[in-house]
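K.L.:
You'll find input00.cif just under this line, and it carries mmCIF, C-alpha atoms.
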data_protein
loop_
_atom_site.label_atom_id
_atom_site.label_comp_id
_atom_site.auth_asym_id
_atom_site.auth_seq_id
_atom_site.Cartn_x
_atom_site.Cartn_y
_atom_site.Cartn_z
CA MET A 1 191.41 172.36 139.89
CA ARG A 2 189.62 171.55 143.12
CA VAL A 3 190.27 174.27 145.69
CA ARG A 4 189.35 173.66 149.31
CA VAL A 5 189.50 176.15 152.17
CA LEU A 6 189.16 174.48 155.57
CA GLY A 7 188.21 176.25 158.76
CA GLY A 8 185.74 176.38 161.58
CA GLY A 9 184.22 179.68 160.58
CA CYS A 10 186.50 182.00 162.56
CA LYS A 11 187.65 185.37 161.25
CA LYS A 12 190.94 184.01 159.96
CA CYS A 13 189.20 181.27 158.01
CA GLU A 14 186.81 183.75 156.39
CA ALA A 15 189.78 185.92 155.44
CA LEU A 16 191.54 182.99 153.77
CA LEU A 17 188.35 182.06 151.90
CA LYS A 18 188.01 185.58 150.53
CA ALA A 19 191.67 185.75 149.47
CA THR A 20 191.42 182.34 147.82
CA LYS A 21 188.37 183.31 145.77
CA GLU A 22 190.14 186.47 144.66
CA ALA A 23 193.27 184.54 143.76
CA LEU A 24 191.36 182.04 141.65
CA ALA A 25 189.61 184.83 139.80
CA ASN A 26 192.88 186.71 139.26
CA THR A 27 194.71 183.72 137.81
CA GLY A 28 191.83 182.95 135.51
CA LEU A 29 192.30 179.23 136.21
CA LYS A 30 189.34 176.94 136.04
CA GLY A 31 188.18 175.71 139.37
CA GLU A 32 185.69 175.76 142.16
CA VAL A 33 186.33 176.99 145.72
CA GLU A 34 184.79 174.79 148.42
CA TYR A 35 184.57 175.86 152.05
CA ILE A 36 184.81 172.94 154.47
CA THR A 37 183.72 173.60 158.03
CA ASP A 38 183.13 170.01 159.16
CA PHE A 39 185.81 169.02 161.67
CA SER A 40 185.53 165.29 161.02
CA GLU A 41 186.10 165.88 157.34
CA MET A 42 189.13 168.05 158.12
CA ALA A 43 190.56 165.27 160.26
CA SER A 44 190.02 162.72 157.52
CA LEU A 45 192.02 164.97 155.21
CA GLY A 46 194.85 165.26 157.75
CA ILE A 47 194.30 168.89 158.75
CA MET A 48 195.20 169.81 162.36
CA THR A 49 195.54 173.57 162.14
CA THR A 50 193.05 175.95 160.61
CA PRO A 51 192.70 177.84 158.37
CA ALA A 52 194.09 175.48 155.76
CA LEU A 53 194.19 175.46 151.98
CA MET A 54 194.15 172.45 149.66
CA LEU A 55 194.71 172.43 145.92
CA ASP A 56 193.35 169.16 144.56
CA ASP A 57 194.66 166.58 147.05
CA GLU A 58 197.66 168.57 148.19
CA ILE A 59 197.69 170.51 151.48
CA VAL A 60 199.56 173.68 150.57
CA SER A 61 199.13 175.74 153.73
CA THR A 62 197.98 175.33 157.34
CA GLY A 63 197.45 177.83 160.13
CA ARG A 64 198.02 180.90 157.98
CA VAL A 65 195.98 183.61 156.34
CA LEU A 66 197.80 183.82 153.06
CA LYS A 67 197.88 186.93 150.92
CA THR A 68 196.02 186.80 147.62
CA SER A 69 199.29 187.08 145.68
CA ASP A 70 200.80 184.15 147.61
CA ILE A 71 197.81 181.97 146.78
CA GLU A 72 198.09 182.92 143.12
CA SER A 73 201.72 181.75 143.10
CA LEU A 74 200.76 178.50 144.82
CA MET A 75 198.01 177.87 142.28
CA ILE A 76 200.28 178.57 139.35
CA ALA A 77 203.02 176.34 140.79
CA HIS A 78 200.49 173.60 141.48
CA GLN A 79 199.24 173.65 137.91
CA GLY A 80 202.83 173.40 136.74
CA LEU A 81 202.49 176.54 134.66
CA MET B 1 226.23 193.02 183.81
CA GLY B 2 223.19 190.91 184.78
CA THR B 3 221.59 193.94 186.40
CA PHE B 4 222.29 196.03 183.31
CA ILE B 5 220.51 193.52 181.06
CA GLN B 6 217.67 193.28 183.55
CA ASN B 7 217.15 197.02 184.05
CA GLU B 8 218.13 198.62 180.77
CA ILE B 9 217.37 195.98 178.13
CA LEU B 10 214.47 193.95 179.48
CA ALA B 11 212.84 196.55 181.72
CA MET B 12 213.95 199.49 179.53
CA HIS B 13 214.60 201.95 182.36
CA TRP B 14 216.25 204.24 179.80
CA LEU B 15 212.85 204.61 178.18
CA ASN B 16 211.30 205.67 181.48
CA ARG B 17 213.96 208.38 181.85
CA LEU B 18 213.42 209.47 178.26
CA VAL B 19 209.64 209.71 178.74
CA ALA B 20 210.18 211.71 181.96
CA PHE B 21 212.59 214.03 180.16
CA LEU B 22 210.21 214.61 177.24
CA LEU B 23 207.24 215.25 179.53
CA GLN B 24 209.27 217.75 181.55
CA THR B 25 210.46 219.46 178.37
CA ILE B 26 206.88 220.18 177.35
CA GLY B 27 206.23 221.51 180.83
CA ILE B 28 204.56 218.63 182.63
CA ASN B 29 205.61 218.02 186.21
CA ILE B 30 205.97 214.28 186.65
CA LYS B 31 205.84 214.66 190.41
CA THR B 32 202.13 215.47 190.21
CA LYS B 33 199.50 212.74 190.03
CA ILE B 34 198.53 213.51 186.45
CA GLY B 35 202.15 213.84 185.36
CA GLY B 36 203.03 210.56 187.07
CA SER B 37 200.11 208.78 185.40
CA LEU B 38 201.15 210.13 182.00
CA GLN B 39 204.73 208.98 182.51
CA PHE B 40 203.59 205.49 183.50
CA PHE B 41 201.17 205.35 180.57
CA PHE B 42 203.60 206.34 177.83
CA TYR B 43 206.52 204.35 179.23
CA ASP B 44 204.45 201.20 179.60
CA VAL B 45 202.65 201.42 176.25
CA ILE B 46 205.91 201.92 174.35
CA LYS B 47 207.78 199.28 176.36
CA ILE B 48 205.11 196.62 175.99
CA THR B 49 204.63 197.38 172.29
CA ILE B 50 208.36 196.99 171.60
CA LEU B 51 208.52 193.77 173.62
CA LEU B 52 205.36 192.43 171.99
CA CYS B 53 206.57 192.98 168.44
CA LEU B 54 210.05 191.57 169.05
CA LEU B 55 208.79 188.62 171.05
CA ILE B 56 205.93 187.59 168.80
CA PHE B 57 208.20 187.72 165.79
CA LEU B 58 210.93 185.65 167.43
CA ILE B 59 208.53 183.18 169.01
CA SER B 60 206.48 182.67 165.85
CA TYR B 61 209.68 181.91 163.99
CA ILE B 62 210.59 179.25 166.57
CA GLN B 63 207.01 177.96 166.59
CA SER B 64 207.05 177.40 162.85
CA TYR B 65 209.38 174.48 163.60
CA PHE B 66 206.81 172.82 165.85
CA PRO B 67 203.58 172.36 163.89
CA PRO B 68 201.06 170.14 165.73
CA GLU B 69 201.81 167.31 163.29
CA ARG B 70 205.37 167.22 164.56
CA SER B 71 204.50 167.71 168.24
CA ARG B 72 202.05 164.82 168.00
CA LYS B 73 204.76 162.59 166.63
CA ILE B 74 207.19 163.56 169.39
CA MET B 75 204.59 163.03 172.13
CA GLY B 76 203.71 159.62 170.75
CA ARG B 77 207.22 158.38 171.50
CA PHE B 78 206.84 158.84 175.25
CA HIS B 79 204.75 156.99 177.80
CA GLY B 80 203.28 157.56 181.24
CA ILE B 81 204.23 160.71 183.11
CA PHE B 82 207.01 161.44 180.59
CA ALA B 83 204.41 161.83 177.86
CA ASN B 84 202.62 164.38 180.06
CA MET B 85 205.88 166.24 180.61
CA ILE B 86 206.63 166.36 176.90
CA GLY B 87 203.00 167.37 176.20
CA ALA B 88 203.29 170.26 178.66
CA LEU B 89 206.61 171.38 177.18
CA LEU B 90 205.41 171.17 173.58
CA GLY B 91 202.27 173.08 174.57
CA THR B 92 204.52 176.08 175.16
CA VAL B 93 205.99 176.09 171.64
CA THR B 94 203.25 174.74 169.38
CA PRO B 95 201.27 177.53 167.77
CA PHE B 96 197.57 177.02 168.21
CA CYS B 97 194.58 179.29 168.52
CA SER B 98 191.26 178.33 170.04
CA CYS B 99 189.61 177.92 166.63
CA SER B 100 192.05 175.08 165.89
CA SER B 101 191.39 173.27 169.14
CA ILE B 102 188.89 170.80 167.68
CA PRO B 103 190.91 169.57 164.68
CA LEU B 104 193.90 169.44 167.00
CA PHE B 105 191.97 167.40 169.54
CA ILE B 106 190.81 164.96 166.85
CA GLY B 107 194.33 164.72 165.47
CA PHE B 108 195.79 163.88 168.87
CA THR B 109 193.05 161.46 169.90
CA SER B 110 192.94 159.49 166.69
CA ALA B 111 196.72 159.15 166.72
CA GLY B 112 196.21 157.25 169.97
CA LEU B 113 197.60 159.86 172.35
CA PRO B 114 196.17 159.38 175.85
CA LEU B 115 193.58 161.95 176.91
CA GLY B 116 195.77 163.08 179.81
CA VAL B 117 198.64 163.95 177.48
CA THR B 118 196.34 165.99 175.26
CA PHE B 119 195.20 167.87 178.35
CA SER B 120 198.74 168.50 179.59
CA PHE B 121 199.24 170.12 176.20
CA LEU B 122 195.98 172.07 176.34
CA ILE B 123 196.64 173.42 179.85
CA SER B 124 200.21 174.51 179.32
CA SER B 125 199.62 176.04 175.91
CA PRO B 126 197.83 179.23 177.04
CA MET B 127 199.30 179.31 180.55
CA VAL B 128 202.98 179.23 179.79
CA ASP B 129 204.23 180.46 176.49
CA LEU B 130 207.64 181.72 175.55
CA GLY B 131 206.32 185.26 175.40
CA SER B 132 205.17 185.25 178.99
CA LEU B 133 208.57 183.97 180.10
CA ILE B 134 210.49 186.86 178.57
CA LEU B 135 207.86 189.45 179.45
CA LEU B 136 207.84 188.33 183.08
CA MET B 137 211.63 188.53 183.14
CA GLY B 138 211.48 192.12 182.01
CA ILE B 139 208.97 193.11 184.63
CA PHE B 140 209.38 190.90 187.67
CA GLY B 141 212.93 189.61 187.18
CA TYR B 142 214.26 186.26 186.04
CA ARG B 143 213.66 184.38 189.29
CA VAL B 144 209.92 185.06 189.19
CA ALA B 145 209.77 184.20 185.47
CA ILE B 146 211.52 180.86 185.89
CA VAL B 147 209.44 179.84 188.89
CA TYR B 148 206.27 180.92 187.03
CA VAL B 149 207.10 178.70 184.08
CA ILE B 150 207.98 175.72 186.30
CA MET B 151 204.72 176.12 188.21
CA GLY B 152 202.71 176.38 185.00
CA LEU B 153 204.30 173.23 183.64
CA LEU B 154 203.64 171.43 186.93
CA ILE B 155 199.94 172.33 186.81
CA ALA B 156 199.80 171.02 183.24
CA ILE B 157 201.61 167.77 184.07
CA ILE B 158 199.67 167.07 187.27
CA GLY B 159 196.35 168.15 185.74
CA GLY B 160 196.84 165.95 182.68
CA SER B 161 197.88 162.96 184.79
CA LEU B 162 194.84 163.43 187.00
CA ILE B 163 192.49 163.46 184.00
CA GLU B 164 194.20 160.28 182.83
CA LYS B 165 193.73 158.59 186.22
CA LEU B 166 190.04 159.53 186.33
CA LYS B 167 189.47 157.52 183.14
CA LEU B 168 187.33 160.11 181.40
CA ASP B 169 187.66 158.86 177.85
CA ASP B 170 183.86 158.56 177.59
CA GLU B 171 183.62 162.27 178.25
CA VAL B 172 184.96 163.08 174.81
CA GLU B 173 182.26 163.83 172.25
CA ASP B 174 181.52 160.91 169.94
CA PHE B 175 182.28 162.69 166.69
CA ILE B 176 185.84 163.17 167.94
CA LYS B 177 186.30 159.56 168.90
CA ASN B 178 184.81 158.35 165.64
CA ALA B 179 186.71 160.71 163.40
CA ARG B 180 189.47 159.04 161.49
CA ALA B 181 192.33 161.36 161.07
CA VAL B 182 194.90 160.88 158.40
CA GLU B 183 198.46 161.57 159.41
CA THR B 184 200.25 163.99 157.18
CA ARG B 185 203.72 165.36 157.40
CA GLY B 186 202.56 168.94 157.43
CA VAL B 187 203.50 171.59 154.92
CA THR B 188 207.19 171.99 154.14
CA LEU B 189 208.28 175.54 154.85
CA THR B 190 211.18 177.52 153.46
CA LYS B 191 213.04 180.10 155.50
CA LYS B 192 211.11 182.83 153.71
CA ASP B 193 207.81 181.12 154.62
CA ARG B 194 208.85 181.10 158.27
CA LEU B 195 209.82 184.77 158.22
CA ASP B 196 206.56 185.65 156.46
CA TYR B 197 204.65 183.62 159.01
CA ALA B 198 206.44 185.34 161.89
CA TYR B 199 205.69 188.75 160.40
CA GLU B 200 202.00 187.88 159.83
CA GLN B 201 201.70 186.68 163.42
CA MET B 202 203.37 189.82 164.71
CA SER B 203 201.15 192.23 162.82
CA SER B 204 197.91 190.35 163.46
CA THR B 205 198.68 189.93 167.17
CA PHE B 206 199.63 193.58 167.44
CA LYS B 207 196.35 194.68 165.87
CA LYS B 208 194.37 192.34 168.07
CA VAL B 209 196.15 193.08 171.33
CA PHE B 210 196.94 196.79 171.12
CA PRO B 211 193.54 197.95 172.45
CA TYR B 212 194.02 195.60 175.42
CA ILE B 213 197.46 197.06 176.06
CA LEU B 214 196.04 200.59 176.08
CA LEU B 215 193.25 199.48 178.39
CA GLY B 216 195.58 197.48 180.63
CA VAL B 217 198.13 200.28 180.90
CA GLY B 218 195.34 202.81 181.43
CA ILE B 219 194.00 200.82 184.34
CA GLY B 220 197.57 200.35 185.55
CA ALA B 221 198.22 204.10 185.43
CA ILE B 222 195.07 204.76 187.46
CA ILE B 223 196.04 202.17 190.04
CA HIS B 224 199.60 203.48 190.09
CA ASN B 225 198.72 207.05 190.98
CA TRP B 226 195.14 207.33 192.15
CA ILE B 227 194.16 204.30 194.19
CA PRO B 228 195.33 204.52 197.81
CA GLU B 229 197.93 201.97 198.85
CA ASP B 230 196.02 200.88 201.97
CA MET B 231 193.06 199.88 199.85
CA ILE B 232 195.12 197.56 197.65
CA GLU B 233 197.02 196.21 200.64
CA THR B 234 193.76 195.44 202.40
CA ILE B 235 192.23 193.61 199.44
CA LEU B 236 195.22 192.03 197.72
CA GLY B 237 198.05 192.29 200.24
CA ASN B 238 199.10 190.67 203.50
CA LYS B 239 195.94 191.66 205.27
CA ASN B 240 193.63 189.49 203.19
CA PRO B 241 194.18 185.72 203.39
CA PHE B 242 191.68 185.21 200.55
CA GLY B 243 193.39 187.63 198.15
CA VAL B 244 194.57 184.80 195.87
CA VAL B 245 191.13 183.20 195.65
CA LEU B 246 189.55 186.56 194.95
CA ALA B 247 192.08 187.45 192.24
CA THR B 248 191.60 184.07 190.54
CA ILE B 249 187.82 184.22 190.54
CA VAL B 250 187.83 187.76 189.19
CA GLY B 251 190.38 186.81 186.54
CA VAL B 252 188.75 183.67 185.10
CA PRO B 253 185.87 185.26 183.16
CA MET B 254 188.12 188.06 181.92
CA TYR B 255 189.72 187.56 178.58
CA ALA B 256 192.88 189.39 177.79
CA ASP B 257 196.25 188.65 176.43
CA ILE B 258 199.15 188.36 178.84
CA PHE B 259 200.41 191.63 177.33
CA GLY B 260 197.29 193.42 178.51
CA SER B 261 197.23 191.88 181.97
CA ILE B 262 200.87 192.58 182.83
CA PRO B 263 200.61 196.37 183.29
CA VAL B 264 197.73 195.88 185.71
CA ALA B 265 199.75 193.26 187.59
CA GLU B 266 202.80 195.51 187.65
CA ALA B 267 200.88 198.46 189.07
CA LEU B 268 199.13 196.36 191.71
CA LEU B 269 202.44 194.88 192.83
CA SER B 270 204.07 198.28 193.22
CA LYS B 271 201.17 199.34 195.40
CA GLY B 272 201.58 196.54 197.90
CA ALA B 273 199.63 193.64 196.43
CA LEU B 274 201.32 190.31 197.03
CA LEU B 275 203.23 188.66 194.17
CA GLY B 276 201.29 185.39 194.23
CA THR B 277 197.98 187.22 194.26
CA VAL B 278 198.97 189.24 191.22
CA LEU B 279 200.35 186.24 189.34
CA SER B 280 197.26 184.15 189.99
CA PHE B 281 195.20 186.98 188.53
CA MET B 282 197.37 186.93 185.41
CA MET B 283 197.27 183.15 185.08
CA ALA B 284 193.49 183.14 185.48
CA VAL B 285 193.02 185.83 182.83
CA THR B 286 195.24 184.13 180.25
CA THR B 287 194.52 180.43 180.84
CA LEU B 288 190.75 180.25 180.96
CA SER B 289 188.65 182.39 178.70
CA LEU B 290 185.07 182.14 177.58
CA PRO B 291 185.76 181.81 173.82
CA SER B 292 188.21 178.94 174.30
CA LEU B 293 185.90 177.18 176.76
CA ILE B 294 183.02 177.42 174.29
CA MET B 295 185.23 175.85 171.63
CA LEU B 296 186.41 173.13 173.97
CA ARG B 297 182.83 172.35 174.99
CA LYS B 298 182.18 171.22 171.41
CA ALA B 299 184.87 168.57 171.79
CA ILE B 300 184.29 167.36 175.34
CA LYS B 301 181.26 166.74 177.52
CA PRO B 302 180.30 169.07 180.41
CA LYS B 303 181.73 166.81 183.12
CA LEU B 304 185.23 166.77 181.64
CA LEU B 305 185.00 170.48 180.89
CA GLY B 306 184.09 171.07 184.54
CA ILE B 307 187.02 168.96 185.74
CA PHE B 308 189.35 170.82 183.39
CA ILE B 309 188.19 174.18 184.75
CA ALA B 310 188.43 172.96 188.35
CA ILE B 311 191.99 171.68 187.87
CA CYS B 312 193.09 174.97 186.35
CA VAL B 313 191.43 177.08 189.06
CA VAL B 314 192.77 174.98 191.95
CA GLY B 315 196.22 174.88 190.34
CA ILE B 316 196.29 178.64 189.91
CA ILE B 317 195.20 179.23 193.51
CA VAL B 318 197.85 176.84 194.88
CA VAL B 319 200.53 178.54 192.78
CA GLY B 320 199.34 181.92 194.04
CA TYR B 321 199.76 180.96 197.69
CA LEU B 322 203.11 179.35 196.96
CA PHE B 323 204.34 182.55 195.34
CA ASN B 324 203.13 184.59 198.29
CA ILE B 325 205.20 182.38 200.59
CA LEU B 326 208.25 182.51 198.30
CA GLN B 327 207.97 186.24 197.60
CA PRO B 328 210.81 187.34 199.96
CA LEU B 329 213.16 184.98 198.12
CA LEU B 330 212.13 186.00 194.61
CA ILE B 331 212.00 189.79 194.56
#
Take the structure I supplied and represent it as structure tokens, if you would.

P.N.:
Amino acid sequence: MRVRVLGGGCKKCEALLKATKEALANTGLKGEVEYITDFSEMASLGIMTTPALMLDDEIVSTGRVLKTSDIESLMIAHQGL
Amino acid sequence: MGTFIQNEILAMHWLNRLVAFLLQTIGINIKTKIGGSLQFFFYDVIKITILLCLLIFLISYIQSYFPPERSRKIMGRFHGIFANMIGALLGTVTPFCSCSSIPLFIGFTSAGLPLGVTFSFLISSPMVDLGSLILLMGIFGYRVAIVYVIMGLLIAIIGGSLIEKLKLDDEVEDFIKNARAVETRGVTLTKKDRLDYAYEQMSSTFKKVFPYILLGVGIGAIIHNWIPEDMIETILGNKNPFGVVLATIVGVPMYADIFGSIPVAEALLSKGALLGTVLSFMMAVTTLSLPSLIMLRKAIKPKLLGIFIAICVVGIIVVGYLFNILQPLLI
């Protein structure tokens, strides 16, 4: 699974990145967490509010610092497990 | 009935009586300067905290229905001055923090929204939000709150239209113009997601803003009981024709939430400062702040940034003088 955290480097974005890494580790799913800070790239992906989270090509959350447990549920749902 | 809602629910006068009663019970005379300051401090901190939590929760819930993706779509349906009006109105309900301003800017621009409409949105967003409307009602009464919101929207509409007329599209940084944004529908939210979002916003705003409230109320309490009335009247009251300009210039570099600036405004007003002077201070503090200007500078060139700042400052000063003239009718 390709996991992307998008944000301009503000506190909220860092918090989401940390929670996402934890969530991936907790679920034990295979995947890599990428941190995208380039605004043009965000735009090309359709992101208007940061921080945002993408699982593969799906935008699952925008403008929120999700809790680790919420991200775990999103990942599990996304994988169809 | 209207007065009851105004005094007891919005302004929470019952809380002031309760604080006075409790202070007297533990042997503090509220007629003394220290006692009076303590009463003001506790009453205001509790009142603003209650209002803040309720308001942020309620507003965030409403805002979850207006993600920028949706606002952009709505704005795109209107043209000319109507687009600016809709931009200014949506600016008040679309959640957006300064760290999102660049992706938001790109999203608006590449969807073909005119620059002026984007600016109507960007001006009204920090200046007039739903929170300030209700908070102002509680403290200055509904007439002041309504006029404040109308004025804020007018600045946003006129400012945006002016930027449009000046044809400043070249003043947007190239990477924004060249970026190709993809339009998405935005994330679908359930009712639980919205409630969670509202709760997250409430607790994170509370943590962020509480020190400012303490500071603001602290300064307010000092003004309330220790600074002589003549001094405030001389600087910020009838006696100084430049009070509004002074308040605006002092307010611009300051960065505080509206919740922190209100207690200071309230205390100054009760000590004889003019309404417009106090409101222009508040508008200046909340609308323009260094962190958001630094962010915006990444998206637009210095000339446009300068024009943006100038429009806001002039608008705030004009509104200040207007409020000073209207004061006898509003309070």

K.L.:
Chain A residues within 9 Å of chain B, counting all atoms listed in the file: which ones, as JSON, numbers by chain?

P.N.:
{"A": [7, 8, 9, 10, 39, 40, 41, 42, 43, 44, 45, 46, 47, 48, 49, 50, 51, 59, 60, 61, 62, 63, 64, 65, 66]}

K.L.:
Could you tell me which residues the PyMOL selection byres ((chain B and resi 278-289) around 7) grabs in this file, written as a PyMOL selection string?

P.N.:
chain B and resi 126-127+244+247-248+251-258+261+265+269+273-277+290-293+316-317+320

K.L.:
Hey, what comes out of the PyMOL selection byres ((chain A and resi 26-30) around 12) on this file? Could you write it as a VMD selection string?

P.N.:
chain A and resid 1 to 3 19 to 25 31 to 33 68 to 79 81

K.L.:
Considering only C-alpha atoms, return as a VMD selection string whatever protein or nucleic-acid residues lie within 7 Å of Tyr35 (chain A), sequence-local ones (same chain, fewer than 3 positions apart) excluded.

P.N.:
chain A and resid 4 to 6

K.L.:
Output C-alpha atoms for every residue in that selection, as a PDB file, keeping the file's coordinate frame.

P.N.:
ATOM      1  CA  ARG A   4     189.350 173.660 149.310  1.00  0.00           C
ATOM      2  CA  VAL A   5     189.500 176.150 152.170  1.00  0.00           C
ATOM      3  CA  LEU A   6     189.160 174.480 155.570  1.00  0.00           C
TER       4      LEU A   6
END

K.L.:
Counting all atoms listed in the file, figure out which residue out of B:Ile59, B:Ile223, B:Leu122, B:Ile81 gets nearest to Val93 (chain B).

P.N.:
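Ranking B:Ile59, B:Ile223, B:Leu122, B:Ile81 by distance to Val93 (chain B), first place goes to B:Ile59.
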
K.L.:
For CA of Tyr61 (chain B) and CA of Ser203 (chain B), determine how far apart the two atoms are, in Å to one decimal place.

P.N.:
13.4 Å

K.L.:
So the first atom is CA of Arg194 (chain B) and the second is CA of Leu53 (chain A); what is the distance between them in Å, to one decimal place?

P.N.:
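Separating CA of Arg194 (chain B) from CA of Leu53 (chain A) is a distance of 16.9 Å.
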
K.L.:
Is it possible to get the residues within 12 Å of (199.5, 201.6, 175.6) (coordinates as in the file, counting only C-alpha atoms) written as number ranges by chain?

P.N.:
B: 38-50, 52, 206, 209-221, 259-264

K.L.:
Can you write out the residues you just picked, keeping C-alpha atoms, as a PDB file, in the coordinates of the input?

P.N.:
ATOM      1  CA  LEU B  38     201.150 210.130 182.000  1.00  0.00           C
ATOM      2  CA  GLN B  39     204.730 208.980 182.510  1.00  0.00           C
ATOM      3  CA  PHE B  40     203.590 205.490 183.500  1.00  0.00           C
ATOM      4  CA  PHE B  41     201.170 205.350 180.570  1.00  0.00           C
ATOM      5  CA  PHE B  42     203.600 206.340 177.830  1.00  0.00           C
ATOM      6  CA  TYR B  43     206.520 204.350 179.230  1.00  0.00           C
ATOM      7  CA  ASP B  44     204.450 201.200 179.600  1.00  0.00           C
ATOM      8  CA  VAL B  45     202.650 201.420 176.250  1.00  0.00           C
ATOM      9  CA  ILE B  46     205.910 201.920 174.350  1.00  0.00           C
ATOM     10  CA  LYS B  47     207.780 199.280 176.360  1.00  0.00           C
ATOM     11  CA  ILE B  48     205.110 196.620 175.990  1.00  0.00           C
ATOM     12  CA  THR B  49     204.630 197.380 172.290  1.00  0.00           C
ATOM     13  CA  ILE B  50     208.360 196.990 171.600  1.00  0.00           C
ATOM     14  CA  LEU B  52     205.360 192.430 171.990  1.00  0.00           C
ATOM     15  CA  PHE B 206     199.630 193.580 167.440  1.00  0.00           C
ATOM     16  CA  VAL B 209     196.150 193.080 171.330  1.00  0.00           C
ATOM     17  CA  PHE B 210     196.940 196.790 171.120  1.00  0.00           C
ATOM     18  CA  PRO B 211     193.540 197.950 172.450  1.00  0.00           C
ATOM     19  CA  TYR B 212     194.020 195.600 175.420  1.00  0.00           C
ATOM     20  CA  ILE B 213     197.460 197.060 176.060  1.00  0.00           C
ATOM     21  CA  LEU B 214     196.040 200.590 176.080  1.00  0.00           C
ATOM     22  CA  LEU B 215     193.250 199.480 178.390  1.00  0.00           C
ATOM     23  CA  GLY B 216     195.580 197.480 180.630  1.00  0.00           C
ATOM     24  CA  VAL B 217     198.130 200.280 180.900  1.00  0.00           C
ATOM     25  CA  GLY B 218     195.340 202.810 181.430  1.00  0.00           C
ATOM     26  CA  ILE B 219     194.000 200.820 184.340  1.00  0.00           C
ATOM     27  CA  GLY B 220     197.570 200.350 185.550  1.00  0.00           C
ATOM     28  CA  ALA B 221     198.220 204.100 185.430  1.00  0.00           C
ATOM     29  CA  PHE B 259     200.410 191.630 177.330  1.00  0.00           C
ATOM     30  CA  GLY B 260     197.290 193.420 178.510  1.00  0.00           C
ATOM     31  CA  SER B 261     197.230 191.880 181.970  1.00  0.00           C
ATOM     32  CA  ILE B 262     200.870 192.580 182.830  1.00  0.00           C
ATOM     33  CA  PRO B 263     200.610 196.370 183.290  1.00  0.00           C
ATOM     34  CA  VAL B 264     197.730 195.880 185.710  1.00  0.00           C
TER      35      VAL B 264
END

K.L.:
At what distance in Å, to one decimal, does CA of Leu136 (chain B) lie from CA of Val149 (chain B)?

P.N.:
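CA of Leu136 (chain B) lies 9.7 Å from CA of Val149 (chain B).
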
K.L.:
Can you tell me, as AutoDock Vina command-line options, the centre and edge lengths (Å, one decimal) of the axis-aligned box enclosing all of region 33-38 of chain A's listed atoms after padding each side by 4 Å?

P.N.:
--center_x 184.7 --center_y 173.5 --center_z 152.4 --size_x 11.2 --size_y 15.0 --size_z 21.4

K.L.:
Care to translate the PyMOL selection byres ((chain B and resi 6) around 10) into actual residues of this file, as a PDB file with C-alpha atoms, keeping the file's coordinate frame?

P.N.:
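Saved the output as expr.pdb:
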ATOM      1  CA  MET B   1     226.230 193.020 183.810  1.00  0.00           C
ATOM      2  CA  GLY B   2     223.190 190.910 184.780  1.00  0.00           C
ATOM      3  CA  THR B   3     221.590 193.940 186.400  1.00  0.00           C
ATOM      4  CA  PHE B   4     222.290 196.030 183.310  1.00  0.00           C
ATOM      5  CA  ILE B   5     220.510 193.520 181.060  1.00  0.00           C
ATOM      6  CA  ASN B   7     217.150 197.020 184.050  1.00  0.00           C
ATOM      7  CA  GLU B   8     218.130 198.620 180.770  1.00  0.00           C
ATOM      8  CA  ILE B   9     217.370 195.980 178.130  1.00  0.00           C
ATOM      9  CA  LEU B  10     214.470 193.950 179.480  1.00  0.00           C
ATOM     10  CA  ALA B  11     212.840 196.550 181.720  1.00  0.00           C
ATOM     11  CA  MET B  12     213.950 199.490 179.530  1.00  0.00           C
ATOM     12  CA  HIS B  13     214.600 201.950 182.360  1.00  0.00           C
ATOM     13  CA  MET B 137     211.630 188.530 183.140  1.00  0.00           C
ATOM     14  CA  GLY B 138     211.480 192.120 182.010  1.00  0.00           C
ATOM     15  CA  ILE B 139     208.970 193.110 184.630  1.00  0.00           C
ATOM     16  CA  PHE B 140     209.380 190.900 187.670  1.00  0.00           C
ATOM     17  CA  GLY B 141     212.930 189.610 187.180  1.00  0.00           C
ATOM     18  CA  TYR B 142     214.260 186.260 186.040  1.00  0.00           C
TER      19      TYR B 142
END

K.L.:
Calculated over all atoms listed in the file, which of the candidates B:Lys271, B:Arg70, B:Lys301, B:Lys208 has the smallest distance to Ile232 (chain B)?

P.N.:
B:Lys271
